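J.: For reference, the file query.cif (mmCIF, C-alpha atoms) is included below:
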data_target
loop_
_atom_site.label_atom_id
_atom_site.label_comp_id
_atom_site.auth_asym_id
_atom_site.auth_seq_id
_atom_site.Cartn_x
_atom_site.Cartn_y
_atom_site.Cartn_z
CA MET A 116 117.80 74.20 133.93
CA SER A 117 114.47 74.88 132.36
CA MET A 118 113.15 77.41 129.89
CA ARG A 119 112.45 80.84 131.28
CA GLY A 120 108.95 80.65 130.02
CA PHE A 121 109.05 83.23 127.24
CA THR A 122 106.65 82.41 124.43
CA ILE A 123 105.49 84.45 121.51
CA SER A 124 102.09 85.67 122.49
CA ARG A 125 99.25 85.65 120.04
CA ARG A 126 98.47 89.24 119.30
CA ALA A 127 96.27 88.78 116.27
CA GLN A 128 92.73 88.72 117.51
CA ILE A 129 90.58 87.24 114.85
CA ARG A 130 87.20 88.87 115.10
CA SER A 131 84.27 87.62 113.17
CA ASP A 132 82.98 91.15 112.58
CA ASP A 133 86.04 92.11 110.50
CA ALA A 134 84.33 90.52 107.51
CA GLU A 135 81.15 92.44 108.32
CA LEU A 136 83.08 95.72 108.45
CA ILE A 137 84.60 95.02 105.04
CA ARG A 138 81.16 94.30 103.61
CA GLU A 139 79.89 97.61 104.97
CA ILE A 140 82.91 99.42 103.53
CA ALA A 141 81.98 97.93 100.16
CA HIS A 142 78.62 99.67 100.59
CA GLY A 143 80.41 102.94 101.30
CA SER A 144 80.15 103.11 105.09
CA GLU A 145 82.65 105.61 106.49
CA ALA A 146 81.95 104.53 110.04
CA ALA A 147 82.87 100.95 109.20
CA PHE A 148 86.08 102.12 107.53
CA SER A 149 87.04 104.21 110.57
CA ALA A 150 86.38 101.26 112.85
CA LEU A 151 88.51 98.96 110.70
CA PHE A 152 91.29 101.54 110.55
CA GLN A 153 91.31 102.06 114.31
CA ARG A 154 91.40 98.33 114.89
CA TRP A 155 94.05 97.36 112.35
CA SER A 156 96.33 100.37 111.86
CA PRO A 157 98.42 99.83 115.06
CA ARG A 158 99.31 96.23 114.27
CA LEU A 159 99.70 96.74 110.52
CA GLY A 160 101.76 99.88 111.08
CA ARG A 161 104.08 98.06 113.44
CA PHE A 162 104.36 95.12 111.05
CA LEU A 163 105.20 97.42 108.15
CA GLN A 164 107.73 99.33 110.23
CA GLN A 165 109.40 96.05 111.18
CA ALA A 166 109.40 95.12 107.52
CA THR A 167 110.68 98.41 106.13
CA GLY A 168 112.82 99.70 108.97
CA SER A 169 111.44 103.24 108.92
CA ARG A 170 108.31 104.88 110.19
CA GLU A 171 107.95 107.06 107.11
CA SER A 172 107.93 104.06 104.77
CA ALA A 173 105.59 102.25 107.12
CA GLU A 174 103.07 105.13 107.00
CA ASP A 175 103.22 105.25 103.20
CA LEU A 176 102.64 101.53 102.95
CA LEU A 177 99.90 101.65 105.57
CA GLN A 178 98.02 104.25 103.55
CA GLU A 179 98.48 102.17 100.41
CA ALA A 180 97.25 99.07 102.26
CA PHE A 181 94.00 100.73 103.28
CA LEU A 182 93.53 102.15 99.79
CA ARG A 183 93.74 98.62 98.46
CA ILE A 184 91.27 97.47 101.08
CA LEU A 185 88.86 100.19 99.94
CA ARG A 186 89.19 99.22 96.28
CA ALA A 187 89.04 95.48 96.85
CA ALA A 188 86.22 95.50 99.42
CA PRO A 189 83.51 94.88 96.78
CA ARG A 190 85.40 91.80 95.53
CA PHE A 191 85.77 90.50 99.08
CA ARG A 192 82.03 90.90 99.53
CA ALA A 193 81.42 88.67 96.52
CA ARG A 194 83.35 85.83 98.16
CA GLN A 195 81.89 86.02 101.60
CA SER A 196 81.13 82.30 101.64
CA ARG A 197 84.45 81.80 103.42
CA PRO A 198 84.57 81.63 107.20
CA ALA A 199 85.45 84.68 109.30
CA PRO A 200 89.26 84.19 109.61
CA ALA A 201 89.59 84.88 105.89
CA ALA A 202 89.15 88.61 106.59
CA SER A 203 92.36 88.85 108.63
CA ALA A 204 94.25 86.64 106.18
CA TRP A 205 93.00 88.85 103.34
CA ILE A 206 94.23 91.99 105.10
CA TYR A 207 97.59 90.46 105.98
CA ARG A 208 98.04 89.27 102.43
CA ILE A 209 97.62 92.83 101.19
CA CYS A 210 100.31 93.99 103.62
CA ALA A 211 102.57 91.06 102.77
CA ASN A 212 102.37 91.97 99.07
CA LEU A 213 103.25 95.57 99.89
CA ALA A 214 106.21 94.40 101.97
CA TYR A 215 107.39 92.20 99.08
CA SER A 216 107.11 95.14 96.67
CA HIS A 217 109.08 97.32 99.03
CA TRP A 218 111.84 94.72 99.39
CA ARG A 219 112.00 94.21 95.63
CA ARG A 220 112.50 97.94 95.11
CA ARG A 221 115.28 97.95 97.69
CA LYS A 222 116.80 94.59 96.81
CA ALA A 223 120.21 96.12 96.23
CA SER A 224 120.39 97.52 99.74
CA PRO A 225 118.64 95.22 102.18
CA VAL A 226 120.29 96.78 105.20
CA LEU A 227 118.61 100.11 105.60
CA ASP A 228 120.34 103.19 106.85
CA GLY A 229 119.02 104.48 110.10
CA TRP A 230 117.18 101.30 110.98
CA GLU A 231 114.87 102.38 113.74
CA VAL A 232 114.77 100.21 116.80
CA GLY A 233 111.11 99.98 117.52
CA ALA A 234 111.38 97.16 120.00
CA LEU A 235 112.70 98.96 123.05
CA PRO A 236 112.46 102.58 124.19
CA GLU A 237 115.53 104.77 124.47
CA ARG A 238 115.79 104.66 128.26
CA PRO A 239 115.17 101.69 130.51
CA THR A 240 111.80 101.76 132.14
CA PRO A 241 111.63 102.01 135.92
CA GLU A 242 110.53 98.41 135.99
CA ALA A 243 113.80 97.26 134.45
CA ALA A 244 115.88 96.28 137.47
CA ASP A 245 119.07 95.74 135.54
CA PRO A 246 120.07 98.72 133.32
CA GLU A 247 123.00 96.85 131.87
CA ARG A 248 120.76 94.01 130.84
CA TRP A 249 118.31 96.53 129.40
CA ARG A 250 121.00 98.17 127.27
CA LEU A 251 122.22 94.78 126.14
CA ARG A 252 118.74 93.75 125.08
CA ARG A 253 118.32 96.99 123.17
CA ALA A 254 121.59 96.40 121.38
CA ILE A 255 120.58 92.84 120.57
CA ALA A 256 117.26 94.13 119.22
CA ALA A 257 119.04 96.57 116.91
CA GLU A 258 121.38 93.87 115.72
CA ALA A 259 118.48 91.48 115.19
CA ARG A 260 116.67 94.01 113.01
CA ALA A 261 119.75 94.42 110.85
CA ALA A 262 120.22 90.66 110.64
CA LEU A 263 116.59 90.25 109.68
CA ALA A 264 117.20 92.27 106.53
CA ARG A 265 119.79 89.72 105.46
CA ILE A 266 117.63 86.60 105.45
CA PRO A 267 115.49 85.55 102.46
CA ARG A 268 112.23 87.41 101.96
CA ASN A 269 109.92 84.46 102.50
CA GLN A 270 111.62 83.58 105.77
CA ARG A 271 111.66 87.22 106.82
CA LEU A 272 107.94 87.55 106.20
CA VAL A 273 107.12 84.38 108.12
CA PHE A 274 109.32 85.51 111.00
CA LEU A 275 107.57 88.88 111.21
CA LEU A 276 104.11 87.38 110.97
CA LYS A 277 105.02 84.94 113.73
CA VAL A 278 107.03 87.08 116.15
CA ASP A 279 105.54 90.51 115.50
CA GLN A 280 101.96 89.63 114.76
CA GLY A 281 101.64 86.42 116.74
CA LEU A 282 99.98 84.41 113.97
CA THR A 283 99.93 80.62 114.15
CA TYR A 284 101.59 78.46 111.52
CA GLU A 285 98.17 77.72 110.07
CA GLU A 286 97.25 81.40 109.79
CA ILE A 287 100.61 82.18 108.21
CA SER A 288 100.07 79.40 105.67
CA THR A 289 96.69 80.95 104.77
CA VAL A 290 98.25 84.40 104.33
CA MET A 291 101.09 83.14 102.17
CA GLY A 292 99.09 80.53 100.30
CA SER A 293 101.50 77.72 101.17
CA PRO A 294 101.21 74.54 103.25
CA VAL A 295 101.48 74.67 107.04
CA GLY A 296 104.69 72.63 106.94
CA THR A 297 106.28 75.20 104.64
CA ALA A 298 105.41 78.02 107.02
CA LYS A 299 106.86 76.04 109.91
CA SER A 300 110.10 75.19 108.11
CA ARG A 301 110.55 78.79 106.94
CA PHE A 302 110.20 80.02 110.51
CA HIS A 303 112.74 77.46 111.71
CA HIS A 304 115.18 78.46 108.98
CA ALA A 305 114.70 82.14 109.80
CA VAL A 306 115.45 81.57 113.47
CA ARG A 307 118.55 79.51 112.66
CA LYS A 308 119.86 82.12 110.24
CA LEU A 309 119.30 84.90 112.75
CA GLN A 310 121.10 82.89 115.35
CA ASP A 311 124.07 82.36 113.06
CA LEU A 312 124.19 86.04 112.14
CA MET A 313 124.04 87.07 115.77
CA ARG A 314 126.46 84.54 117.17
CA ALA A 315 128.74 87.29 118.53
CA TRP A 316 125.89 88.90 120.42
CA ASP A 317 124.92 85.56 121.83
CA GLU A 318 128.38 85.09 123.23
CA SER A 319 128.51 88.53 124.77
CA ALA A 320 125.09 88.02 126.27
CA ASP A 321 126.21 84.68 127.62
CA SER A 322 129.22 86.25 129.25
CA SER A 323 127.08 89.04 130.63
CA ASP A 324 124.71 86.49 132.11
CA ALA A 325 127.63 84.58 133.53
CA ARG A 326 129.04 87.72 135.14
CA ARG A 327 125.68 88.55 136.63
CA ASP A 328 125.26 85.02 137.99
CA ASP A 329 128.76 85.16 139.50
CA ALA A 330 127.97 88.48 141.13
CA ARG A 331 124.80 87.07 142.58
CA ARG A 332 126.59 84.02 143.96
CA THR A 333 129.28 86.24 145.45
CA ARG A 334 126.71 88.39 147.20
CA ARG A 335 124.92 85.34 148.49
CA SER A 336 128.12 83.73 149.78
CA GLY A 337 129.10 87.03 151.42
CA ARG A 338 125.82 87.13 153.33
CA ASN A 339 126.23 83.51 154.37
CA SER A 340 129.70 84.15 155.70
CA ASP A 341 128.35 87.09 157.63
CA VAL A 342 125.74 84.83 159.16
CA LEU A 343 128.35 82.24 160.03
CA MET B 152 102.90 57.91 122.95
CA THR B 153 104.89 60.52 121.07
CA LEU B 154 108.42 60.12 119.83
CA GLY B 155 109.63 62.34 122.64
CA GLY B 156 107.77 60.16 125.10
CA LEU B 157 109.53 57.07 123.81
CA VAL B 158 112.81 58.88 124.19
CA ALA B 159 111.97 60.00 127.71
CA ALA B 160 111.00 56.45 128.57
CA GLY B 161 114.46 55.34 127.54
CA GLY B 162 113.44 53.99 124.18
CA ILE B 163 114.51 55.60 120.90
CA PRO B 164 117.21 58.24 121.37
CA MET B 165 116.37 61.58 119.76
CA SER B 166 119.10 63.87 118.57
CA CYS B 167 119.62 67.28 120.09
CA ASP B 168 118.86 68.76 116.66
CA SER B 169 115.35 67.35 116.88
CA TRP B 170 114.98 68.71 120.39
CA ARG B 171 116.10 72.14 119.23
CA ARG B 172 113.32 72.19 116.64
CA LYS B 173 110.94 71.50 119.49
CA ILE B 174 112.51 74.35 121.46
CA ILE B 175 111.66 76.73 118.62
CA ASP B 176 108.10 75.42 118.48
CA ARG B 177 107.84 75.74 122.25
CA ILE B 178 108.86 79.41 122.11
CA ALA B 179 106.47 79.89 119.18
CA ASP B 180 103.70 78.45 121.36
CA GLU B 181 103.08 75.73 118.81
CA LEU B 182 104.15 72.68 120.82
CA PRO B 183 101.42 70.43 122.22
CA GLU B 184 101.30 70.18 126.00
CA ARG B 185 102.54 66.60 126.19
CA GLU B 186 105.56 67.31 124.02
CA ALA B 187 106.29 70.45 126.03
CA ILE B 188 106.53 68.33 129.19
CA GLU B 189 108.85 65.88 127.43
CA LEU B 190 110.99 68.79 126.30
CA GLU B 191 111.27 70.13 129.83
CA GLN B 192 112.41 66.70 130.98
CA HIS B 193 115.09 66.63 128.29
CA LEU B 194 116.29 70.15 129.10
CA ALA B 195 116.72 69.11 132.71
CA ASP B 196 119.16 66.45 131.54
CA CYS B 197 120.93 68.10 128.58
CA ALA B 198 122.99 71.21 129.38
CA ASP B 199 123.65 71.95 125.69
CA CYS B 200 120.00 72.00 124.78
CA ALA B 201 119.20 74.04 127.87
CA ALA B 202 121.78 76.66 126.85
CA GLU B 203 120.42 76.65 123.32
CA ALA B 204 116.92 77.18 124.68
CA GLN B 205 118.09 80.20 126.66
CA ARG B 206 119.81 81.70 123.62
CA LEU B 207 116.74 81.24 121.47
CA GLU B 208 114.50 82.75 124.11
CA ARG B 209 116.79 85.75 124.39
CA LEU B 210 116.87 86.22 120.62
CA LEU B 211 113.12 86.01 120.12
CA GLU B 212 112.40 88.10 123.18
CA ALA B 213 114.69 90.82 121.85
CA THR B 214 112.99 90.85 118.46
CA ALA B 215 109.46 90.84 119.84
CA PRO B 216 108.04 94.38 119.74
CA ARG B 217 106.87 96.13 122.86
CA GLU B 218 105.83 99.60 121.87
CA GLU B 219 102.36 100.38 120.63
CA TRP B 220 102.29 101.83 117.14
CA ILE B 221 99.97 104.78 116.72
CA ALA B 222 99.04 105.83 113.22
CA ASP B 223 99.08 109.44 112.14
CA ALA B 224 95.50 110.77 112.16
CA ARG B 225 96.06 112.47 108.81
CA ILE B 226 96.28 109.07 107.12
CA GLU B 227 92.73 108.24 108.11
CA ASP B 228 91.52 111.71 107.02
CA ARG B 229 93.10 111.32 103.59
CA LEU B 230 91.58 107.89 103.16
CA LEU B 231 88.11 109.10 104.13
CA ARG B 232 88.34 112.00 101.67
CA HIS B 233 89.33 109.54 98.97
CA MET B 234 86.35 107.37 99.89
CA ARG B 235 83.96 110.34 99.62
CA SER B 236 85.31 111.46 96.27
CA ASN B 237 84.99 107.97 94.85
CA ARG B 238 81.45 107.61 96.09
CA ALA B 239 80.41 110.86 94.36
CA ARG B 240 81.62 109.65 91.01
CA PRO B 241 82.08 105.97 90.55
CA SER B 242 84.77 104.89 88.15
CA LEU B 243 84.01 104.19 84.53
CA LEU B 244 84.45 100.48 85.13
CA VAL B 245 81.97 100.50 88.00
CA ARG B 246 79.42 102.41 85.92
CA TRP B 247 79.89 100.10 82.94
CA ARG B 248 79.44 97.10 85.15
CA ALA B 249 76.34 98.58 86.75
CA ALA B 250 74.85 99.25 83.34
CA TRP B 251 75.68 96.03 81.52
CA LEU B 252 76.02 93.29 84.02
CA ARG B 253 72.54 93.61 85.47
CA PRO B 254 70.17 90.83 84.43
CA LEU B 255 67.83 92.70 82.03
CA PRO B 256 70.40 94.20 79.66
CA ALA B 257 72.46 91.04 79.78
CA TYR B 258 69.54 88.82 78.91
CA SER B 259 68.46 91.22 76.16
CA LEU B 260 71.91 90.98 74.66
CA ILE B 261 71.75 87.21 74.75
CA VAL B 262 68.34 87.16 73.09
CA LEU B 263 69.49 89.56 70.38
CA GLY B 264 72.51 87.42 69.77
CA VAL B 265 70.42 84.30 69.40
CA ILE B 266 68.10 86.08 66.98
CA ALA B 267 71.03 87.32 64.94
CA ILE B 268 72.55 83.86 64.71
CA ALA B 269 69.23 82.22 63.84
CA GLY B 270 68.46 84.90 61.26
CA GLY B 271 71.82 84.47 59.62
CA PHE B 272 71.30 80.74 59.44
CA TRP B 273 67.83 81.15 57.92
CA LEU B 274 69.08 83.62 55.32
CA GLY B 275 71.83 81.23 54.41
CA GLN B 276 69.29 78.50 53.84
CA LEU B 277 67.22 80.81 51.68
CA SER B 278 70.13 81.81 49.49
CA GLU B 279 71.00 78.16 48.89
CA THR B 280 67.46 77.42 47.73
CA GLY B 281 67.36 80.45 45.42
CA SER B 282 70.65 79.69 43.70
CA GLY B 283 69.46 76.13 43.00
CA ALA B 284 66.35 77.38 41.12
CA ARG B 285 68.44 79.77 39.11
CA ARG B 286 70.76 76.93 38.14
CA ILE B 287 67.78 74.88 36.85
CA ALA B 288 66.51 77.79 34.65
CA ALA B 289 69.95 78.64 33.32
CA PRO B 290 70.23 76.26 30.32
CA GLY B 291 66.97 77.48 28.67
CA GLY B 292 67.68 81.04 29.40
CA ALA B 293 71.16 80.84 27.98
CA ALA B 294 69.94 79.28 24.72
CA THR B 295 67.32 81.94 24.21
CA SER B 296 69.70 84.75 24.74
CA PRO B 297 69.93 86.64 21.44
CA GLN B 298 73.24 88.12 22.40
CA ALA B 299 75.07 84.84 22.84
CA VAL B 300 76.70 85.11 19.44
CA SER B 301 79.90 87.07 19.45
CA PRO B 302 81.50 88.41 16.25
CA ALA B 303 84.18 86.15 14.79
CA MET B 304 87.71 87.45 14.25
CA ASP B 305 90.25 86.66 11.51
CA PRO B 306 93.84 85.84 12.43
CA ALA B 307 94.79 89.47 11.83
CA GLY B 308 92.22 90.48 14.38
CA HIS B 309 89.68 91.96 12.05
CA ALA B 310 86.08 91.24 12.73
CA LEU B 311 84.58 88.98 10.17
CA PRO B 312 81.24 89.87 8.74
CA PRO B 313 78.56 88.10 10.62
CA SER B 314 77.83 84.85 8.93
CA ARG B 315 74.52 83.97 7.60
CA GLU B 316 74.40 81.16 10.10
CA ALA B 317 75.05 83.58 12.90
CA ASP B 318 72.32 85.87 11.66
CA GLU B 319 69.97 83.00 11.17
CA GLY B 320 71.01 81.57 14.47
CA ALA B 321 70.32 84.88 16.14
CA SER B 322 66.98 85.24 14.41
CA CYS B 323 66.26 81.62 15.21
CA ALA B 324 67.13 82.28 18.79
CA THR B 325 64.84 85.29 18.73
CA ALA B 326 62.09 83.17 17.18
CA LEU B 327 62.59 80.48 19.78
CA SER B 328 62.55 83.08 22.46
CA ASP B 329 59.31 84.53 21.17
CA ARG B 330 57.86 81.08 20.90
CA SER B 331 58.83 80.12 24.38
CA ARG B 332 57.41 83.36 25.62
CA ALA B 333 54.21 82.67 23.67
CA SER B 334 53.97 79.17 25.08
CA ARG B 335 54.46 80.49 28.58
CA HIS B 336 51.64 82.84 28.08
CA GLY B 337 49.48 80.03 26.67
CA ASP B 338 49.11 81.68 23.35
CA LEU B 339 50.50 79.49 20.63
CA ARG B 340 51.16 81.51 17.52
CA PHE B 341 53.12 80.62 14.54
CA VAL B 342 56.06 82.88 14.22
CA ALA B 343 57.48 83.49 10.83
CA VAL B 344 60.66 81.53 10.43
CA PRO B 345 63.08 82.32 7.60
CA SER B 346 62.84 79.78 4.88
CA ASP B 347 66.39 78.67 5.13
CA ALA B 348 66.75 79.10 8.89
CA PHE B 349 68.09 75.61 9.33
CA GLY B 350 70.34 75.59 6.25
CA TRP B 351 68.31 73.16 4.31
CA GLY B 352 68.29 75.33 1.19
CA SER B 353 65.34 77.09 -0.25
CA ALA B 354 62.32 75.09 -1.06
CA PRO B 355 62.02 74.36 -4.74
CA ASP B 356 59.49 76.32 -6.51
CA SER B 357 57.91 73.17 -7.69
CA LEU B 358 58.44 69.50 -7.27
#
Can the structure in the file be given as structure tokens, please?

T.:
Amino acid sequence: MSMRGFTISRRAQIRSDDAELIREIAHGSEAAFSALFQRWSPRLGRFLQQATGSRESAEDLLQEAFLRILRAAPRFRARQSRPAPAASAWIYRICANLAYSHWRRRKASPVLDGWEVGALPERPTPEAADPERWRLRRAIAAEARAALARIPRNQRLVFLLKVDQGLTYEEISTVMGSPVGTAKSRFHHAVRKLQDLMRAWDESADSSDARRDDARRTRRSGRNSDVL
Amino acid sequence: MTLGGLVAAGGIPMSCDSWRRKIIDRIADELPEREAIELEQHLADCADCAAEAQRLERLLEATAPREEWIADARIEDRLLRHMRSNRARPSLLVRWRAAWLRPLPAYSLIVLGVIAIAGGFWLGQLSETGSGARRIAAPGGAATSPQAVSPAMDPAGHALPPSREADEGASCATALSDRSRASRHGDLRFVAVPSDAFGWGSAPDSL
């Protein structure tokens, strides 16, 4: 039995002109700001929605994030001796700080009411051959979001940066200002905790897989007997 | 050869816990190619680890987002309006910085500061020199002061009549003062001195 081949794809595209856009924003260029917004708002919005659990909170934090980018752009320009990847780390750090602030304000109620499942659409897509599997995955996604709110903040942040944004351990360590080994161990701990919290779903998914495999074997054996 | 390679070659046995950490790194796309191959070889032999790998894949696949997030256009509009309003009137801090942190005003401030410090030091030196000269002149000046004598008091607190000595001392002081003034001006003149200014008694009329 081998792995199915799923890997977390790298979605963060580090572009060297991000730093150039920020420098132009520091000079007051609206075109540069619009370009940066168009490029970063989808991924930052999704990250903030994963972090907060609601679209409304995500939009508020997204607006606050870009306000901070506007105000801090002149200071970024003063430190432009750093290589290009610092621009994305700088932007992610702003969003990470906003996520931390949001979690601190809601520390008494980490599980949010009406947690929106942003991972899967309401109805299975035509490409999904197995509706039952699709519904099960959607349920697991909802449960995973709720479980995510119950793990420590540092691990939660690393998990989101890794799974949602596709950053490498090294990029995550730059964003959080910690060693690469710390980022790696936090991700491992986050995955283990999520697994423990979702043990029941794992078992039901296992049994669902087992039923599906049995059904497949039965169909195959039926065809073979027909042939014989 | 990596640790996993040694294990695969039948050398050091690695625990399933170690392999599961590699499974996580494999799903996170952080495992080097060689170790990924060793992991696949282990998963082919270990049913527990293979099942664990499937569970982890399912979990992370379920949490990975699929929908594109589209921001509300009004957010960008609000931010651009904010940018325009800030550009029209920079903040007080920005204006202060622009005015005072440019080279010319900053250097002027530094120069003025240096001048102030040097001037204060020089004035301090001057005042020390002046007070020394005054201290040297003080003894003579004090002796020639005609007002140095204060009236004496009896035990009951009544002022005693000025003594002859005090009068003569005062007049002597005045005479000395005149004389010193005369000598300063280079004009030696005999000043009339009372006959008994020094308490020697009056001169006999005849010897």

J.: Rounded to one decimal place, report the CA of Met234 (chain B)-CA of Asn212 (chain A) distance in Å.

T.: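 It comes out at 22.2 Å.
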
J.: Which residues match the PyMOL selection byres ((chain A) within 6 of (chain B)) in the file above, as a PyMOL selection string?

T.: chain A and resi 116+122-123+157+161+234+252+256+278-279

J.: Would you write out, as an NGL selection string, every residue that the PyMOL selection byres ((chain A and resi 276) around 12) captures in this file?

T.: (:A and (123-127 or 158-159 or 161-163 or 165-166 or 204 or 207-208 or 210-211 or 214 or 269-275 or 277-291 or 298-299 or 301-302 or 305)) or (:B and (179 or 215-216))

J.: Written as number ranges by chain, what is the full residue list that the PyMOL selection byres ((chain A and resi 311) around 12) yields on the file shown?

T.: A: 259, 262-263, 265-266, 304-310, 312-318; B: 206-207, 210

J.: Mind giving me the straight-line distance from CA of Glu186 (chain B) to CA of Gly296 (chain A) in Å, one decimal?

T.: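 These two atoms are separated by 17.9 Å.
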